[in-house]
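Containing PDB, C-alpha atoms and all ligand atoms: work29.pdb.
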```pdb
ATOM      1  CA  MET A 186      59.858 157.550  36.594
ATOM      2  CA  GLY A 187      59.560 155.801  33.289
ATOM      3  CA  LYS A 188      62.641 157.223  31.679
ATOM      4  CA  ARG A 189      64.547 154.687  29.698
ATOM      5  CA  TRP A 190      68.207 155.072  30.312
ATOM      6  CA  THR A 191      70.779 154.055  27.800
ATOM      7  CA  LEU A 192      74.253 152.999  28.762
ATOM      8  CA  LYS A 193      75.604 156.187  27.211
ATOM      9  CA  GLU A 194      73.298 158.347  29.317
ATOM     10  CA  ILE A 195      74.196 156.447  32.446
ATOM     11  CA  LYS A 196      77.878 156.856  31.762
ATOM     12  CA  GLU A 197      77.452 160.595  31.314
ATOM     13  CA  PHE A 198      75.335 160.868  34.462
ATOM     14  CA  VAL A 199      77.944 158.983  36.460
ATOM     15  CA  GLU A 200      80.721 161.210  35.157
ATOM     16  CA  LYS A 201      78.831 164.404  35.944
ATOM     17  CA  ASN A 202      77.254 163.455  39.255
ATOM     18  CA  SER A 203      79.783 161.295  41.034
ATOM     19  CA  ASP A 204      83.468 160.591  41.419
ATOM     20  CA  SER A 205      82.920 157.044  40.310
ATOM     21  CA  GLU A 206      83.345 155.498  36.888
ATOM     22  CA  LEU A 207      81.012 153.080  35.138
ATOM     23  CA  LEU A 208      82.648 149.776  34.242
ATOM     24  CA  THR A 209      79.617 147.870  33.018
ATOM     25  CA  THR A 210      79.285 147.865  29.250
ATOM     26  CA  GLU A 211      75.755 146.538  28.934
ATOM     27  CA  TYR A 212      72.596 147.938  30.480
ATOM     28  CA  ARG A 213      69.526 145.740  30.663
ATOM     29  CA  GLY A 214      67.285 147.428  33.186
ATOM     30  CA  PHE A 215      66.741 149.567  36.216
ATOM     31  CA  SER A 216      67.346 146.831  38.787
ATOM     32  CA  GLN A 217      70.377 145.301  37.106
ATOM     33  CA  LYS A 218      73.542 145.557  39.141
ATOM     34  CA  LEU A 219      76.066 147.763  37.440
ATOM     35  CA  GLU A 220      79.749 147.717  38.163
ATOM     36  CA  PHE A 221      81.446 150.940  39.141
ATOM     37  CA  LYS A 222      84.939 152.004  40.025
ATOM     38  CA  CYS A 223      85.101 154.307  43.019
ATOM     39  CA  ALA A 224      87.432 157.301  43.148
ATOM     40  CA  CYS A 225      89.459 155.412  45.781
ATOM     41  CA  GLY A 226      90.150 152.610  43.310
ATOM     42  CA  ASN A 227      87.746 150.012  44.692
ATOM     43  CA  THR A 228      85.172 148.486  42.412
ATOM     44  CA  PHE A 229      81.611 147.989  43.599
ATOM     45  CA  GLU A 230      78.266 146.834  42.293
ATOM     46  CA  LYS A 231      75.083 148.810  42.601
ATOM     47  CA  PRO A 232      71.740 148.709  40.869
ATOM     48  CA  TRP A 233      71.250 151.848  38.779
ATOM     49  CA  LYS A 234      68.106 152.626  40.782
ATOM     50  CA  LYS A 235      70.065 152.829  44.034
ATOM     51  CA  PHE A 236      72.966 154.664  42.525
ATOM     52  CA  LYS A 237      70.719 157.331  41.102
ATOM     53  CA  GLU A 238      67.769 157.574  43.490
ATOM     54  CA  ASN A 239      69.401 156.671  46.798
ATOM     55  CA  HIS A 240      72.605 158.525  46.048
ATOM     56  CA  GLN A 241      74.723 155.460  46.700
ATOM     57  CA  ARG A 242      77.501 156.610  44.469
ATOM     58  CA  LYS A 243      80.618 155.378  46.214
ATOM     59  CA  CYS A 244      82.032 152.061  47.356
ATOM     60  CA  GLU A 245      81.176 150.697  50.800
ATOM     61  CA  VAL A 246      84.461 151.912  52.208
ATOM     62  CA  CYS A 247      83.865 155.531  51.232
ATOM     63  CA  GLN A 248      80.125 155.367  51.891
ATOM     64  CA  PRO A 249      79.287 152.642  54.450
ATOM     65  CA  PRO A 250      75.765 151.244  53.886
ATOM     66  CA  LYS A 251      74.774 151.803  57.502
ATOM     67  CA  ALA A 252      76.290 155.203  58.051
ATOM     68  CA  SER A 253      74.294 156.803  60.799
ATOM     69  CA  ARG A 254      75.084 160.382  60.002
TER      70      ARG A 254
HETATM   71 ZN    ZN B 301      85.736 154.178  47.624
END
```
The structure given in the file should be rewritten as structure tokens.
Amino acid sequence: MGKRWTLKEIKEFVEKNSDSELLTTEYRGFSQKLEFKCACGNTFEKPWKKFKENHQRKCEVCQPPKASR
């Protein structure tokens, strides 16, 4: 905890650790919703915290929020 992410670092993390693409061009904080483009073409919003720590790195079609398995 406590690391301060820059938009550049986030973009690189997203490129390396997911199939999604970062669309947001301004980062203001950990709980801000960022806009991503999923590999399937859908766009989705996700706070950076959830994207990174909860591994929610796809849109809701590819990764349903209530997936039971
Ligand atoms: Zn998708």
Quiz prompt | Residue contacts of Lys218 of chain A (7 Å, all atoms listed in the file) excluding same-chain residues fewer than 6 positions away, as a list in words | solution =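 Counting only the stated atoms, we get Glu230, Lys231, Pro232 and Trp233 of chain A.
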Practice problem: Work out how far atom ZN of ligand ZN 301 (chain B) is from atom CA of Val246 of chain A, in Å to one decimal. | Solution: 5.3 Å
Exercise. Excluding Thr228 of chain A and any residue of its chain fewer than 3 positions from it, enumerate the residues within 10 Å of it, using only C-alpha atoms, and give them as a PyMOL selection string.
Key: chain A and resi 205-208+220-225+243-245
Name the residues that the PyMOL selection byres (((chain A and resi 193) around 12) and not hetatm) picks from the file above, as a compact mmCIF listing (two decimals) with C-alpha atoms, in the coordinates of the input, using the file's chain letters and numbers.
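result36.txt, freshly written:
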```txt
# COMPACT_ATOMS: atom_id res chain seq x y z
CA ARG A 189 64.55 154.69 29.70
CA TRP A 190 68.21 155.07 30.31
CA THR A 191 70.78 154.06 27.80
CA LEU A 192 74.25 153.00 28.76
CA GLU A 194 73.30 158.35 29.32
CA ILE A 195 74.20 156.45 32.45
CA LYS A 196 77.88 156.86 31.76
CA GLU A 197 77.45 160.60 31.31
CA PHE A 198 75.33 160.87 34.46
CA VAL A 199 77.94 158.98 36.46
CA GLU A 200 80.72 161.21 35.16
CA LEU A 207 81.01 153.08 35.14
CA LEU A 208 82.65 149.78 34.24
CA THR A 209 79.62 147.87 33.02
CA THR A 210 79.28 147.86 29.25
CA GLU A 211 75.76 146.54 28.93
CA TYR A 212 72.60 147.94 30.48
```
Quiz item: Using only C-alpha atoms and all ligand atoms, which of the listed residues (A:Asn202, A:Ser216, A:Asn227, A:Asn239) sits closest to ligand ZN 301 (chain B)?
Solution: A:Asn227
